[in-house]
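Peer 1: Sharing coords-v9.cif (mmCIF, C-alpha atoms and all ligand atoms) below.
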```cif
data_model
loop_
_atom_site.label_atom_id
_atom_site.label_comp_id
_atom_site.auth_asym_id
_atom_site.auth_seq_id
_atom_site.Cartn_x
_atom_site.Cartn_y
_atom_site.Cartn_z
CA MET A 1 -19.92 -26.94 21.35
CA ILE A 2 -19.71 -23.23 20.68
CA GLU A 3 -16.54 -23.73 18.59
CA ASP A 4 -17.87 -26.46 16.27
CA ARG A 5 -18.74 -24.16 13.40
CA LEU A 6 -15.37 -22.48 13.49
CA LYS A 7 -13.62 -25.85 13.55
CA ALA A 8 -15.58 -27.01 10.53
CA GLU A 9 -14.67 -23.89 8.61
CA LEU A 10 -11.02 -24.14 9.58
CA ALA A 11 -11.02 -27.77 8.41
CA GLU A 12 -12.50 -26.66 5.11
CA ILE A 13 -9.77 -24.05 4.67
CA ALA A 14 -7.17 -26.73 5.42
CA CYS A 15 -8.80 -29.11 2.91
CA THR A 16 -8.48 -26.63 0.08
CA GLY A 17 -4.84 -26.04 0.97
CA LEU A 18 -5.51 -22.40 1.83
CA THR A 19 -4.45 -22.40 5.47
CA ARG A 20 -2.13 -19.47 6.03
CA ARG A 21 0.67 -19.55 8.51
CA ARG A 22 3.04 -16.98 9.86
CA ARG A 23 6.78 -17.32 9.81
CA VAL A 24 8.60 -15.96 12.85
CA LEU A 25 11.58 -13.82 11.92
CA GLU A 26 14.51 -13.94 14.29
CA THR A 27 16.09 -10.84 12.74
CA PRO A 28 14.90 -7.28 11.95
CA CYS A 29 13.24 -6.63 8.60
CA GLY A 30 15.97 -6.30 6.00
CA ARG A 31 17.70 -7.76 2.96
CA MET A 32 18.11 -11.10 4.74
CA ALA A 33 15.81 -12.82 7.20
CA THR A 34 16.52 -15.64 9.64
CA VAL A 35 13.65 -18.08 10.13
CA ASP A 36 14.09 -21.24 12.25
CA GLY A 37 17.83 -20.62 12.09
CA LYS A 38 17.77 -20.57 8.27
CA ASN A 39 19.03 -17.47 6.44
CA VAL A 40 17.02 -16.44 3.41
CA LEU A 41 17.13 -13.50 1.02
CA ASN A 42 13.99 -11.49 1.61
CA PHE A 43 11.85 -10.74 -1.46
CA ALA A 44 8.67 -10.68 0.62
CA SER A 45 8.58 -7.36 2.49
CA ASN A 46 7.29 -3.97 1.35
CA ASP A 47 10.43 -2.32 2.73
CA TYR A 48 11.25 -0.99 -0.74
CA LEU A 49 13.94 1.47 0.32
CA GLY A 50 15.47 -0.74 3.00
CA LEU A 51 14.55 1.80 5.70
CA ALA A 52 12.79 -0.54 8.16
CA GLY A 53 16.09 -1.54 9.71
CA ASN A 54 17.77 1.86 9.28
CA THR A 55 19.66 2.70 12.47
CA ASN A 56 19.23 6.48 12.11
CA ILE A 57 15.46 6.01 12.09
CA ALA A 58 15.67 3.60 15.02
CA GLN A 59 17.76 6.21 16.83
CA ALA A 60 15.12 8.89 16.16
CA LEU A 61 12.49 6.48 17.50
CA ALA A 62 14.47 5.86 20.69
CA GLU A 63 15.18 9.55 21.22
CA GLY A 64 11.54 10.34 20.48
CA ALA A 65 10.42 7.86 23.12
CA LEU A 66 12.78 9.38 25.70
CA LYS A 67 11.51 12.86 24.89
CA TRP A 68 7.78 12.18 24.44
CA GLY A 69 7.20 8.95 26.37
CA ALA A 70 5.86 5.64 25.16
CA GLY A 71 2.23 6.40 24.47
CA SER A 72 0.05 9.30 23.33
CA GLY A 73 -2.54 8.57 26.01
CA ALA A 74 -5.67 9.49 24.05
CA SER A 75 -7.15 10.10 20.64
CA HIS A 76 -6.03 13.17 18.67
CA LEU A 77 -9.18 15.16 19.47
CA VAL A 78 -8.98 14.55 23.21
CA SER A 79 -5.42 14.96 24.49
CA GLY A 80 -3.35 12.63 22.29
CA HIS A 81 -2.18 15.12 19.65
CA LEU A 82 1.39 15.86 20.76
CA GLY A 83 3.97 18.19 19.27
CA ALA A 84 5.66 15.29 17.48
CA HIS A 85 2.41 14.46 15.63
CA GLU A 86 1.82 18.10 14.70
CA GLN A 87 5.34 18.42 13.32
CA LEU A 88 4.94 15.25 11.20
CA GLU A 89 1.62 16.46 9.77
CA LYS A 90 3.20 19.76 8.72
CA GLU A 91 6.13 18.01 7.09
CA ILE A 92 3.89 15.60 5.18
CA ALA A 93 1.73 18.47 3.92
CA GLU A 94 4.81 20.33 2.77
CA PHE A 95 6.37 17.24 1.18
CA THR A 96 3.25 16.22 -0.72
CA GLY A 97 2.42 19.82 -1.69
CA PHE A 98 -1.08 19.78 -0.16
CA PRO A 99 -2.26 22.49 2.26
CA ARG A 100 -2.92 20.03 5.07
CA ALA A 101 -2.50 16.41 6.19
CA LEU A 102 -3.73 14.10 8.95
CA THR A 103 -1.81 11.10 10.24
CA PHE A 104 -3.23 7.70 11.18
CA SER A 105 -1.91 4.60 12.97
CA THR A 106 -2.40 2.45 9.86
CA GLY A 107 -3.30 2.78 6.22
CA TYR A 108 -6.33 0.59 6.83
CA LEU A 109 -7.72 3.16 9.27
CA ALA A 110 -6.81 6.03 6.94
CA ASN A 111 -8.79 4.48 4.09
CA LEU A 112 -11.78 3.88 6.38
CA ALA A 113 -11.70 7.58 7.29
CA VAL A 114 -11.96 8.92 3.74
CA THR A 115 -14.56 7.36 1.42
CA PRO A 116 -17.25 6.48 4.02
CA THR A 117 -16.92 9.97 5.54
CA LEU A 118 -17.32 11.74 2.19
CA ALA A 119 -20.01 9.48 0.79
CA GLY A 120 -23.52 9.23 2.21
CA ARG A 121 -27.09 8.93 1.00
CA GLY A 122 -27.51 10.25 -2.52
CA ASP A 123 -23.79 10.00 -3.28
CA ALA A 124 -21.99 7.51 -5.52
CA VAL A 125 -18.61 5.81 -5.21
CA PHE A 126 -16.75 4.54 -8.30
CA ALA A 127 -14.02 2.05 -7.44
CA ASP A 128 -11.48 0.06 -9.46
CA LYS A 129 -12.15 -3.69 -9.23
CA LEU A 130 -8.58 -4.42 -8.14
CA ASN A 131 -8.47 -1.89 -5.29
CA HIS A 132 -6.84 -2.95 -2.04
CA ALA A 133 -8.93 -4.79 0.56
CA SER A 134 -8.93 -1.76 2.86
CA LEU A 135 -10.51 0.36 0.09
CA ILE A 136 -13.06 -2.37 -0.48
CA ASP A 137 -13.96 -2.31 3.21
CA ALA A 138 -14.19 1.48 3.03
CA MET A 139 -16.56 1.06 0.10
CA GLN A 140 -18.72 -1.35 2.11
CA LEU A 141 -18.95 1.22 4.90
CA ALA A 142 -19.91 3.91 2.37
CA LYS A 143 -22.66 1.55 1.20
CA ALA A 144 -23.83 1.10 4.79
CA ASN A 145 -23.99 4.91 5.01
CA GLY A 146 -26.41 4.91 2.09
CA ALA A 147 -24.06 5.63 -0.81
CA GLU A 148 -24.36 3.79 -4.09
CA VAL A 149 -21.21 1.86 -5.06
CA GLN A 150 -20.11 0.90 -8.57
CA ARG A 151 -16.95 -0.97 -9.47
CA TYR A 152 -15.29 -0.50 -12.85
CA PRO A 153 -13.04 -3.04 -14.59
CA HIS A 154 -9.38 -2.57 -13.71
CA ASN A 155 -7.99 0.71 -15.11
CA ASP A 156 -10.88 0.90 -17.61
CA VAL A 157 -11.23 4.65 -18.00
CA ALA A 158 -13.92 4.35 -20.70
CA ALA A 159 -16.09 2.23 -18.41
CA LEU A 160 -15.52 4.71 -15.57
CA GLU A 161 -16.56 7.60 -17.80
CA LYS A 162 -19.79 5.80 -18.80
CA MET A 163 -20.66 5.30 -15.14
CA LEU A 164 -19.90 8.93 -14.27
CA ALA A 165 -21.88 10.23 -17.23
CA ALA A 166 -24.92 8.14 -16.27
CA SER A 167 -24.80 9.06 -12.59
CA THR A 168 -27.18 11.56 -11.03
CA ALA A 169 -25.53 11.37 -7.61
CA ALA A 170 -25.15 14.54 -5.57
CA GLN A 171 -21.48 13.84 -4.92
CA LYS A 172 -19.33 11.51 -6.99
CA ILE A 173 -16.23 9.91 -5.50
CA ILE A 174 -13.66 8.02 -7.59
CA VAL A 175 -11.44 5.67 -5.57
CA THR A 176 -8.31 4.00 -6.88
CA ASP A 177 -4.96 2.55 -5.90
CA ALA A 178 -2.16 4.51 -7.57
CA VAL A 179 0.05 1.40 -7.74
CA PHE A 180 -1.90 -1.87 -7.56
CA SER A 181 -0.56 -3.99 -4.75
CA MET A 182 -0.68 -7.43 -6.39
CA ASP A 183 0.07 -6.35 -9.99
CA GLY A 184 2.52 -3.47 -9.54
CA ASP A 185 0.95 -1.49 -12.40
CA LEU A 186 -0.06 2.16 -12.21
CA ALA A 187 -3.54 3.64 -12.47
CA PRO A 188 -3.82 6.06 -15.44
CA LEU A 189 -4.11 8.95 -12.98
CA PRO A 190 -3.94 11.81 -15.53
CA LEU A 191 -6.96 10.35 -17.38
CA ILE A 192 -8.82 9.63 -14.15
CA PHE A 193 -8.08 13.13 -12.85
CA ALA A 194 -9.40 14.62 -16.11
CA LEU A 195 -12.64 12.65 -15.60
CA ALA A 196 -12.85 13.86 -12.00
CA GLU A 197 -12.61 17.44 -13.30
CA ARG A 198 -15.11 16.88 -16.11
CA TYR A 199 -17.70 15.23 -13.86
CA ASP A 200 -16.95 17.30 -10.76
CA ALA A 201 -15.94 14.27 -8.68
CA TRP A 202 -13.67 13.73 -5.71
CA LEU A 203 -10.61 11.62 -6.46
CA VAL A 204 -9.36 9.42 -3.62
CA ILE A 205 -5.90 7.99 -4.36
CA ASP A 206 -4.21 5.25 -2.33
CA ASP A 207 -0.46 5.67 -2.91
CA ALA A 208 0.71 2.95 -0.50
CA HIS A 209 3.21 1.59 -3.04
CA GLY A 210 4.14 4.82 -4.82
CA PHE A 211 4.98 7.04 -1.86
CA GLY A 212 8.74 7.23 -1.34
CA ILE A 213 9.42 5.45 -4.63
CA LEU A 214 7.93 7.36 -7.56
CA GLY A 215 8.24 10.98 -8.64
CA PRO A 216 10.82 13.62 -7.78
CA HIS A 217 12.23 13.06 -4.26
CA GLY A 218 9.92 10.06 -3.89
CA LYS A 219 6.88 12.35 -3.54
CA GLY A 220 4.77 9.60 -5.05
CA SER A 221 2.47 8.91 -7.96
CA LEU A 222 1.14 12.47 -8.30
CA GLY A 223 4.70 13.69 -8.72
CA HIS A 224 5.40 10.90 -11.19
CA PHE A 225 2.52 12.08 -13.38
CA ASN A 226 3.13 15.75 -12.65
CA LEU A 227 -0.42 16.15 -11.34
CA PRO A 228 -1.38 19.14 -9.18
CA ALA A 229 -2.34 19.07 -5.49
CA SER A 230 -5.92 19.78 -6.55
CA PRO A 231 -8.59 20.42 -3.90
CA ARG A 232 -10.62 17.55 -5.40
CA ILE A 233 -7.83 15.04 -4.61
CA LEU A 234 -7.48 13.23 -1.32
CA LEU A 235 -4.10 11.52 -1.28
CA MET A 236 -3.57 8.64 1.11
CA GLY A 237 -0.08 7.21 1.66
CA THR A 238 1.16 4.53 4.02
CA LEU A 239 4.26 4.93 6.14
CA GLY A 240 5.01 1.27 6.88
CA LYS A 241 6.18 0.39 3.37
CA ALA A 242 8.86 2.53 1.67
CA ALA A 243 8.94 4.81 4.73
CA GLY A 244 9.92 1.78 6.82
CA VAL A 245 8.09 2.63 10.05
CA GLY A 246 4.29 2.42 10.25
CA GLY A 247 1.18 4.54 10.02
CA ALA A 248 -0.35 6.52 7.19
CA PHE A 249 -1.48 9.97 6.13
CA VAL A 250 -4.24 11.62 4.18
CA ALA A 251 -3.37 14.91 2.49
CA GLY A 252 -5.77 17.33 0.83
CA SER A 253 -7.26 20.79 0.89
CA ALA A 254 -7.60 22.57 4.23
CA THR A 255 -11.39 22.17 4.05
CA ALA A 256 -11.41 18.48 3.13
CA ILE A 257 -8.89 17.64 5.87
CA GLU A 258 -10.82 19.68 8.45
CA TYR A 259 -13.94 17.74 7.43
CA LEU A 260 -12.17 14.38 7.95
CA LEU A 261 -10.86 15.58 11.31
CA GLN A 262 -14.38 16.56 12.42
CA LYS A 263 -16.21 13.55 10.99
CA GLY A 264 -13.88 10.64 10.19
CA ARG A 265 -14.79 7.97 12.74
CA SER A 266 -11.59 5.97 12.30
CA TYR A 267 -9.65 9.18 12.96
CA ILE A 268 -11.68 10.26 15.97
CA PHE A 269 -12.32 7.03 17.85
CA THR A 270 -8.81 5.61 18.12
CA THR A 271 -5.76 6.40 20.20
CA ALA A 272 -3.14 8.52 18.45
CA GLN A 273 -0.07 6.55 17.45
CA PRO A 274 2.84 6.64 19.93
CA PRO A 275 4.60 10.01 19.46
CA ALA A 276 8.00 8.35 18.97
CA ILE A 277 6.64 6.85 15.74
CA ALA A 278 6.06 10.38 14.49
CA CYS A 279 9.68 11.25 15.41
CA ALA A 280 10.92 8.19 13.49
CA LEU A 281 8.78 9.19 10.51
CA THR A 282 10.15 12.72 10.50
CA LYS A 283 13.60 11.15 10.14
CA SER A 284 12.36 8.74 7.50
CA LEU A 285 10.84 11.60 5.46
CA GLN A 286 14.22 13.30 5.46
CA LEU A 287 15.87 10.12 4.17
CA ILE A 288 13.17 9.73 1.50
CA ARG A 289 13.55 13.36 0.38
CA ASN A 290 17.32 12.86 0.03
CA GLY A 291 16.95 9.28 -1.19
CA ASP A 292 17.71 9.60 -4.90
CA ALA A 293 20.60 7.14 -4.56
CA LEU A 294 18.31 4.57 -2.89
CA ARG A 295 15.70 5.01 -5.62
CA ALA A 296 18.35 4.76 -8.34
CA ASN A 297 19.55 1.47 -6.86
CA LEU A 298 15.98 0.18 -6.57
CA MET A 299 15.25 1.04 -10.22
CA ALA A 300 18.52 -0.60 -11.33
CA ARG A 301 17.63 -3.82 -9.44
CA ILE A 302 14.10 -3.79 -10.92
CA GLY A 303 15.54 -3.42 -14.43
CA GLN A 304 18.06 -6.17 -13.77
CA LEU A 305 15.34 -8.55 -12.58
CA ARG A 306 13.07 -7.81 -15.54
CA ASP A 307 15.89 -8.27 -18.05
CA GLY A 308 16.97 -11.49 -16.36
CA LEU A 309 13.47 -13.01 -16.30
CA ALA A 310 12.54 -11.94 -19.84
CA GLY A 311 13.09 -15.39 -21.38
CA LEU A 312 11.23 -17.35 -18.70
CA PRO A 313 8.20 -19.48 -19.69
CA LEU A 314 6.23 -17.71 -16.92
CA LYS A 315 4.70 -14.31 -17.53
CA LEU A 316 6.14 -11.33 -15.68
CA LEU A 317 3.43 -8.66 -15.47
CA PRO A 318 4.32 -5.26 -16.93
CA SER A 319 5.36 -3.27 -13.87
CA MET A 320 7.89 -0.51 -13.37
CA THR A 321 7.51 -0.58 -9.59
CA ALA A 322 9.09 -2.62 -6.80
CA ILE A 323 6.21 -5.12 -7.08
CA GLN A 324 7.16 -7.70 -9.74
CA PRO A 325 4.49 -10.40 -10.12
CA LEU A 326 5.40 -13.63 -11.89
CA ILE A 327 2.20 -15.40 -12.95
CA VAL A 328 2.18 -19.19 -12.48
CA GLY A 329 -1.60 -19.73 -12.68
CA ASP A 330 -2.16 -22.96 -10.78
CA ASN A 331 -2.35 -22.62 -6.97
CA ASP A 332 -0.39 -25.75 -6.10
CA ALA A 333 2.30 -25.07 -8.71
CA THR A 334 2.75 -21.58 -7.30
CA VAL A 335 3.14 -22.87 -3.78
CA ALA A 336 5.56 -25.56 -4.98
CA LEU A 337 7.71 -22.99 -6.78
CA SER A 338 7.73 -20.71 -3.75
CA LYS A 339 8.76 -23.71 -1.60
CA ALA A 340 11.56 -24.70 -4.00
CA LEU A 341 12.92 -21.14 -3.88
CA TRP A 342 12.67 -21.18 -0.09
CA ASP A 343 14.76 -24.36 0.00
CA GLN A 344 17.43 -22.47 -1.95
CA GLY A 345 17.36 -19.61 0.56
CA LEU A 346 15.05 -17.28 -1.41
CA TRP A 347 11.89 -15.99 0.25
CA VAL A 348 9.34 -15.14 -2.46
CA PRO A 349 5.71 -15.39 -1.34
CA ALA A 350 3.02 -17.23 -3.31
CA ILE A 351 -0.16 -15.18 -3.70
CA ARG A 352 -3.34 -17.13 -4.38
CA PRO A 353 -7.06 -16.49 -4.76
CA PRO A 354 -9.03 -14.86 -3.19
CA THR A 355 -6.24 -12.26 -2.89
CA VAL A 356 -5.87 -12.39 -6.71
CA PRO A 357 -8.36 -13.56 -9.38
CA LYS A 358 -8.78 -17.32 -9.92
CA GLY A 359 -6.21 -18.86 -12.26
CA THR A 360 -3.70 -16.06 -11.69
CA ALA A 361 -1.79 -17.38 -8.65
CA ARG A 362 1.61 -15.79 -8.68
CA LEU A 363 4.91 -15.16 -7.03
CA ARG A 364 4.98 -11.61 -5.76
CA ILE A 365 8.61 -10.57 -5.94
CA SER A 366 9.30 -7.44 -3.90
CA VAL A 367 12.48 -5.68 -4.91
CA SER A 368 14.25 -3.44 -2.43
CA ALA A 369 16.99 -0.82 -2.62
CA ALA A 370 18.73 -3.02 -0.05
CA HIS A 371 19.18 -5.83 -2.59
CA THR A 372 22.50 -6.19 -4.34
CA ASP A 373 23.25 -7.06 -7.94
CA ALA A 374 24.31 -10.54 -6.73
CA ASP A 375 21.01 -11.03 -4.82
CA ILE A 376 18.97 -10.39 -7.95
CA ASN A 377 21.22 -12.67 -10.02
CA GLN A 378 20.75 -15.44 -7.47
CA LEU A 379 16.97 -15.17 -7.82
CA ILE A 380 17.15 -15.08 -11.64
CA THR A 381 19.39 -18.17 -11.74
CA ALA A 382 17.12 -20.10 -9.37
CA LEU A 383 13.97 -19.21 -11.32
CA LYS A 384 15.60 -20.22 -14.61
CA GLU A 385 16.54 -23.59 -13.12
CA LEU A 386 13.12 -24.24 -11.60
CA THR A 387 10.82 -23.26 -14.47
C1 LIG B 1 -0.70 -1.94 2.75
C2 LIG B 1 -1.79 -1.21 2.08
C3 LIG B 1 -2.76 -0.52 2.82
C4 LIG B 1 -2.87 -0.62 4.30
O1 LIG B 1 -1.85 0.07 4.94
P1 LIG B 1 -1.41 -0.37 6.40
O2 LIG B 1 -0.62 0.78 6.91
O3 LIG B 1 -0.59 -1.61 6.22
O4 LIG B 1 -2.65 -0.61 7.19
C5 LIG B 1 -3.70 0.22 2.13
N1 LIG B 1 -3.69 0.27 0.78
C6 LIG B 1 -2.79 -0.41 0.04
C7 LIG B 1 -2.84 -0.32 -1.45
C8 LIG B 1 -1.82 -1.18 0.67
O5 LIG B 1 -0.96 -1.88 -0.05
#
```
Starting from the coordinates I provided, produce the structure as structure tokens.
Peer 2:
Amino acid sequence: MIEDRLKAELAEIACTGLTRRRRVLETPCGRMATVDGKNVLNFASNDYLGLAGNTNIAQALAEGALKWGAGSGASHLVSGHLGAHEQLEKEIAEFTGFPRALTFSTGYLANLAVTPTLAGRGDAVFADKLNHASLIDAMQLAKANGAEVQRYPHNDVAALEKMLAASTAAQKIIVTDAVFSMDGDLAPLPLIFALAERYDAWLVIDDAHGFGILGPHGKGSLGHFNLPASPRILLMGTLGKAAGVGGAFVAGSATAIEYLLQKGRSYIFTTAQPPAIACALTKSLQLIRNGDALRANLMARIGQLRDGLAGLPLKLLPSMTAIQPLIVGDNDATVALSKALWDQGLWVPAIRPPTVPKGTARLRISVSAAHTDADINQLITALKELT
């Protein structure tokens, strides 16, 4: 039978207890979720500012759909680039401080458009070992295009410098997450940027978890570190996390962005996102820009959680962001702890290898500005009881 091999592999996944399943939410993304009629506090989403369920954004989406229709009808370079998209691009460029930006339907596609488009034969890519899966796939594509790829140990600037110093590549491209998605820690961007300057390299930054959260007005990790909108930086940000909608952008110099527009296959060969999404994002950007109160609440909840979990026997990784990983180590113990929390009405996902290194299975606690003081206390109390 044609399916036999797949069945065998699926059985193997089941055997090792790694079968993944989806939970169906009966409510919009928010502070609480209803699953199979059960109400749980949601510590699983990336909706860090609580904007996914924001009614003003939903209103902008509905009005955008009535004005611009449901679909864009084509890719950006054919006839799918509507006024709503153009407006969003301009606003993102202005907000991030770069001369120009392009928007994408997803962050995955945005990452595929950057590194493999810049890097070809004779070029070299230098990537952090803990980069997001979409950056890893981008790296594989760059390799297929003939580029050499080297991975440096997580945040190891000395190792990165050695690789750069030894490289004779025509173009060098450094690729890093700004905030690492399973650890919540920051890349040392000022040091990495200094290396990019010293070795004349491009610096590709994935700010999926910093955009909207860090820096003045939520401008992101570059703002947090007070780094300039340098022409050697390509800044990617996703719009389905803190921004609460969906999609992504890449911002950079006018030349670099024009180059991606002309040559980025995952920009060119895909239908432009529905224009109403761009309208919703324009509203979301406004809320982010004026969102100091949301960010203050988020930071207060993060501090509260860290203080509350300080005495726990489990290790809370050092993270100042909304991603708060609690290391359990053993896969089964992590799943059991996640299940026990679920039974108490607390949704905290267990993250296991291969998503994280072996022996570092963890609970990935996502804090949101939508959480209350009481929500965080409930989680702290439950974790103290269970560990
Ligand atoms: C979520 C994420 C992406 C992918 O973005 P999508 O819009 O969900 O496709 C890329 N990079 C990082 C670091 C992410 O966390």
Peer 1: Taking (-2.1, -9.3, -5.4) in the file's coordinates as the center, which residues reach within 9 Å of it, counting all atoms listed in the file, put as a ChimeraX atom specification?
Peer 2: /A:130,132,180-184,325,351-353,355-357,361-362,364
Peer 1: Go through A:Val367, A:Ala8, A:Ala350, A:Ala242 one by one, measure the shortest atom-to-atom distance of each to A:Leu285 using all atoms listed in the file, and give the residue with the smallest value.
Peer 2: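 Closest to A:Leu285 of all the choices is A:Ala242.
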Peer 1: With all atoms of stretch 275-293 of chain A from the file as input, state the centre and edge lengths in Å to one decimal of the axis-aligned box that has 5 Å extra on each side, as lines of an AutoDock Vina configuration file.
Peer 2:
```
center_x = 12.6
center_y = 10.1
center_z = 7.3
size_x = 26.0
size_y = 16.5
size_z = 34.4
```
Peer 1: For A:Asn54, which of A:Arg5, A:Arg31, A:Lys162, A:Arg232 is the closest residue, counting all atoms listed in the file?
Peer 2: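 The shortest atom-to-atom distance to A:Asn54 comes from A:Arg31.
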Peer 1: So, counting only C-alpha atoms and all ligand atoms, which residue among A:Ala144, A:Leu118, A:Val175, A:Leu51 is closest to ligand LIG 1 (chain B)?
Peer 2: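 For ligand LIG 1 (chain B), the nearest of the candidates is A:Val175.
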Peer 1: Could the residues that lie within 6 Å of ligand LIG 1 (chain B), counting all atoms listed in the file, be listed as JSON, numbers by chain?
Peer 2: {"A": [106, 107, 108, 132, 134, 177, 181, 206, 208, 238, 240, 247, 248]}
Peer 1: For C-alpha atoms, I'd like the residues from the last selection saved as an mmCIF file, keeping the file's coordinate frame.
Peer 2:
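That gives us part.cif:
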```
data_model
loop_
_atom_site.group_PDB
_atom_site.id
_atom_site.type_symbol
_atom_site.label_atom_id
_atom_site.label_comp_id
_atom_site.auth_asym_id
_atom_site.auth_seq_id
_atom_site.Cartn_x
_atom_site.Cartn_y
_atom_site.Cartn_z
ATOM 1 C CA THR A 106 -2.400 2.450 9.860
ATOM 2 C CA GLY A 107 -3.300 2.780 6.220
ATOM 3 C CA TYR A 108 -6.330 0.590 6.830
ATOM 4 C CA HIS A 132 -6.840 -2.950 -2.040
ATOM 5 C CA SER A 134 -8.930 -1.760 2.860
ATOM 6 C CA ASP A 177 -4.960 2.550 -5.900
ATOM 7 C CA SER A 181 -0.560 -3.990 -4.750
ATOM 8 C CA ASP A 206 -4.210 5.250 -2.330
ATOM 9 C CA ALA A 208 0.710 2.950 -0.500
ATOM 10 C CA THR A 238 1.160 4.530 4.020
ATOM 11 C CA GLY A 240 5.010 1.270 6.880
ATOM 12 C CA GLY A 247 1.180 4.540 10.020
ATOM 13 C CA ALA A 248 -0.350 6.520 7.190
#
```
Peer 1: Can you list, as a PDB file with C-alpha atoms, keeping the file's coordinate frame, every protein, DNA or RNA residue that comes within 10 Å of A:Ala33 when you count all atoms listed in the file, leaving out same-chain residues fewer than 6 positions away?
Peer 2:
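Result written to out21.pdb:
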```
ATOM      1  CA  VAL A  24       8.600 -15.960  12.850  1.00  0.00           C
ATOM      2  CA  LEU A  25      11.580 -13.820  11.920  1.00  0.00           C
ATOM      3  CA  GLU A  26      14.510 -13.940  14.290  1.00  0.00           C
ATOM      4  CA  THR A  27      16.090 -10.840  12.740  1.00  0.00           C
ATOM      5  CA  ASN A  39      19.030 -17.470   6.440  1.00  0.00           C
ATOM      6  CA  VAL A  40      17.020 -16.440   3.410  1.00  0.00           C
ATOM      7  CA  LEU A  41      17.130 -13.500   1.020  1.00  0.00           C
ATOM      8  CA  ASN A  42      13.990 -11.490   1.610  1.00  0.00           C
ATOM      9  CA  PHE A  43      11.850 -10.740  -1.460  1.00  0.00           C
ATOM     10  CA  ALA A  44       8.670 -10.680   0.620  1.00  0.00           C
ATOM     11  CA  GLY A 345      17.360 -19.610   0.560  1.00  0.00           C
ATOM     12  CA  LEU A 346      15.050 -17.280  -1.410  1.00  0.00           C
ATOM     13  CA  TRP A 347      11.890 -15.990   0.250  1.00  0.00           C
TER      14      TRP A 347
END
```
Peer 1: Which residues, written as a short mmCIF file (atom, residue, chain, number, x, y, z; two decimals) with C-alpha atoms, in the frame of the given file, have at least one atom at most 12 Å from A:Gln344, with only C-alpha atoms counted and residues fewer than 5 positions away on the same chain left out?
Peer 2:
```
data_model
loop_
_atom_site.label_atom_id
_atom_site.label_comp_id
_atom_site.auth_asym_id
_atom_site.auth_seq_id
_atom_site.Cartn_x
_atom_site.Cartn_y
_atom_site.Cartn_z
CA LYS A 38 17.77 -20.57 8.27
CA ASN A 39 19.03 -17.47 6.44
CA VAL A 40 17.02 -16.44 3.41
CA LEU A 41 17.13 -13.50 1.02
CA LEU A 337 7.71 -22.99 -6.78
CA SER A 338 7.73 -20.71 -3.75
CA LYS A 339 8.76 -23.71 -1.60
CA GLN A 378 20.75 -15.44 -7.47
CA LEU A 379 16.97 -15.17 -7.82
CA THR A 381 19.39 -18.17 -11.74
CA ALA A 382 17.12 -20.10 -9.37
CA LEU A 383 13.97 -19.21 -11.32
CA GLU A 385 16.54 -23.59 -13.12
CA LEU A 386 13.12 -24.24 -11.60
#
```
Peer 1: Find the distance between atom CA of A:Ala119 and atom CA of A:Gly264 and write it in Å to one decimal.
Peer 2: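 Going from atom CA of A:Ala119 over to atom CA of A:Gly264 covers 11.3 Å.
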Peer 1: Taking (-5.2, 10.9, 25.3) in the file's own coordinates, collect the residues within 12 Å, counting all atoms listed in the file, and hand them back as a list in words.
Peer 2: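 Final list of nearby residues, as requested, is Gly71, Ser72, Gly73, Ala74, Ser75, His76, Leu77, Val78, Ser79, Gly80, His81, Leu82, Ile268, Phe269, Thr270, Thr271, Ala272, Gln273, Pro274 and Pro275 of chain A.
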Peer 1: Work out how far atom CA of A:Gly17 is from atom CA of A:Asp332, in Å to one decimal.
Peer 2: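 So the answer is 8.4 Å.
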Peer 1: Mind giving me the straight-line distance from atom CA of A:Gly146 to atom CA of A:Asn111 in Å, one decimal?
Peer 2: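 We find that atom CA of A:Gly146 and atom CA of A:Asn111 lie 17.7 Å from each other.
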Peer 1: In terms of the shortest atom-to-atom distance over only C-alpha atoms, which of A:Gln304, A:Gln286, A:Thr115, A:Thr19 is closest to A:Ile376?
Peer 2: A:Gln304
